[in-house]
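See below for the structure under consideration.
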Amino acid sequence: MNASSLKINNDEFDTVCSANDPAILAEIYQESVNLCIWQRQLSKSVTDYVDWLLATASNRELRIIAESNDVISVILNALPAHDGLSALAGDINVLATMFADLFDLKRIGIRLSILDRNMCPRFHTDNLPCRLVSTYAGSGTQWLPEYSVDRSKLGHGAGGVPDKVSGIYSHLSHIQQFNAGDVGLLKGAGWLGNETRAIVHRSPEIATGDKRLLLTLDFGD
């Protein structure tokens, strides 16, 4: 596996693992890891369908809890028929199966959203064990390495001002971002022992006229 493990600022609890092999996602069980990234390219069949969907559909959100062995049929029934739908449904099914196997889940929370504005514009952490995130089109989720984060500026600590002036990050260049197609496992504050070290992340800014197709998978059990 061509994997890299990045340890920033000699902080044993700030480790981000990334590789072009899906096996990298299993590294989320390492105590020192709070983010795993599977770097990948989407197939043309998937991107063609996604492009068609974004061009023809208004803002919409599919939010369901599905049995882990029934994901593909749920997606096929929920999205409009067009060339490439089976490819997208198959891809989501692959991710859902991996997620279910990794955490021994029988049910998975699935959210597939077409977005034309920031969903979570401020840096924050999630109060859940772990979430899978993948952007099929548009700008990817942004995250901060620990050395750049002032956690006292999370939530109310920001004083109601935007991230760019709150001081939550030390330099603009420290903001990291997923590429479209990348699959990320984000460890949250609900993971035992990770209450104060959840990965800090946010939705990207979306330019006027642009859209994202965002998939998130959560524990459904």
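Letters A, B, ... go to the chains of the structure tokens in the order shown; residues in each chain start at 1; ligands are counted from 1 in the same order.
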
Considering only C-alpha atoms, tabulate each residue of region 119-200 of chain A that lies at most 8 Å from region 214-217 of chain A along with its nearest interatomic pair and the corresponding distance in Å to one decimal; arrange the rows by chain and ascending residue number and present them as a tab-separated table.
residue	atom	partner	partner_atom	distance
A:Arg131	CA	A:Leu217	CA	5.8
A:Leu132	CA	A:Leu217	CA	5.0
A:Val133	CA	A:Thr216	CA	4.6
A:Ser134	CA	A:Leu215	CA	5.2
A:Thr135	CA	A:Leu214	CA	4.5
A:Tyr136	CA	A:Leu214	CA	6.1
A:Ala137	CA	A:Leu214	CA	7.4

Those residues with C-alpha atoms, as a tab-separated table (two decimals), in the first residue's frame please?
chain	number	residue	atom	x	y	z
A	131	ARG	CA	-18.31	10.00	9.72
A	132	LEU	CA	-17.47	9.15	6.11
A	133	VAL	CA	-17.43	12.12	3.74
A	134	SER	CA	-16.99	12.19	-0.03
A	135	THR	CA	-17.69	14.96	-2.52
A	136	TYR	CA	-18.73	13.65	-5.94
A	137	ALA	CA	-18.59	17.07	-7.59

Distance query Val46 (chain A) at most 12 Å, only C-alpha atoms, self and fewer than 4 positions along chain excluded, as a PyMOL selection string: chain A and resi 41-42+50-53+82-92+136-137+180-181+213

By how many Å are CA of Ile75 (chain A) and CA of Glu61 (chain A) apart?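 Computed distance, CA of Ile75 (chain A) to CA of Glu61 (chain A), equals 12.1 Å.
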
Residue with smallest distance to Val200 (chain A) - pool A:Lys187, A:Arg212, A:His171, A:His124, counting only C-alpha atoms: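 Under the stated criterion, the closest residue is A:His124.
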
Give me, as a short mmCIF file (atom, residue, chain, number, x, y, z; two decimals) with C-alpha atoms, in the first residue's frame, all polymer residues having an atom no more than 12 Å from Arg197 (chain A), counting only C-alpha atoms and skipping those fewer than 2 positions away in the same chain.
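Dumped everything to result.cif:
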data_model
loop_
_atom_site.label_atom_id
_atom_site.label_comp_id
_atom_site.auth_asym_id
_atom_site.auth_seq_id
_atom_site.Cartn_x
_atom_site.Cartn_y
_atom_site.Cartn_z
CA ASP A 11 1.90 15.87 18.44
CA GLU A 12 1.12 12.16 18.76
CA PHE A 13 -2.60 12.92 18.58
CA ASP A 14 -2.44 14.81 15.30
CA THR A 15 -1.99 12.16 12.66
CA GLU A 31 -5.34 6.03 18.68
CA SER A 32 -3.17 8.72 17.14
CA VAL A 33 -5.26 9.07 13.97
CA ASN A 34 -8.19 11.47 13.64
CA LEU A 35 -8.49 11.59 9.85
CA HIS A 124 -16.27 22.84 13.89
CA THR A 125 -16.05 19.30 15.24
CA ASP A 126 -18.70 16.58 15.14
CA ASN A 127 -20.10 15.06 18.32
CA PRO A 129 -17.86 8.60 16.67
CA LEU A 144 -7.21 21.98 9.80
CA PRO A 145 -4.07 20.31 11.15
CA GLU A 146 -3.85 20.47 14.93
CA TYR A 147 -0.84 22.78 15.05
CA VAL A 149 -6.04 25.22 15.44
CA ASP A 150 -6.94 27.38 18.40
CA ARG A 151 -9.71 25.20 19.82
CA LEU A 186 -13.40 11.95 10.19
CA LYS A 187 -13.06 10.93 13.82
CA GLY A 188 -15.40 12.92 16.05
CA ALA A 189 -15.70 13.77 19.74
CA GLY A 190 -18.03 10.81 20.23
CA TRP A 191 -15.16 8.37 19.71
CA LEU A 192 -14.06 7.08 23.11
CA GLY A 193 -10.84 8.83 24.11
CA ASN A 194 -11.13 11.43 21.35
CA GLU A 195 -13.40 13.88 23.17
CA ILE A 199 -10.83 16.68 13.58
CA VAL A 200 -11.71 20.34 12.93
#

Could you find all residues in region 47-175 of chain A that DSSP calls helix (DSSP H, G or I) from the backbone, and write them as a PyMOL selection string? chain A and resi 47-56+71-78+85-103+146-148+151-153+155-158+163-166+172-174

From a backbone DSSP assignment, name each residue in region 23-220 of chain A labelled strand (DSSP E or B), as a ChimeraX atom specification. /A:33-38,61-67,107-115,124,130-137,142-144,149,169,176-177,183-187,200-202,212-219
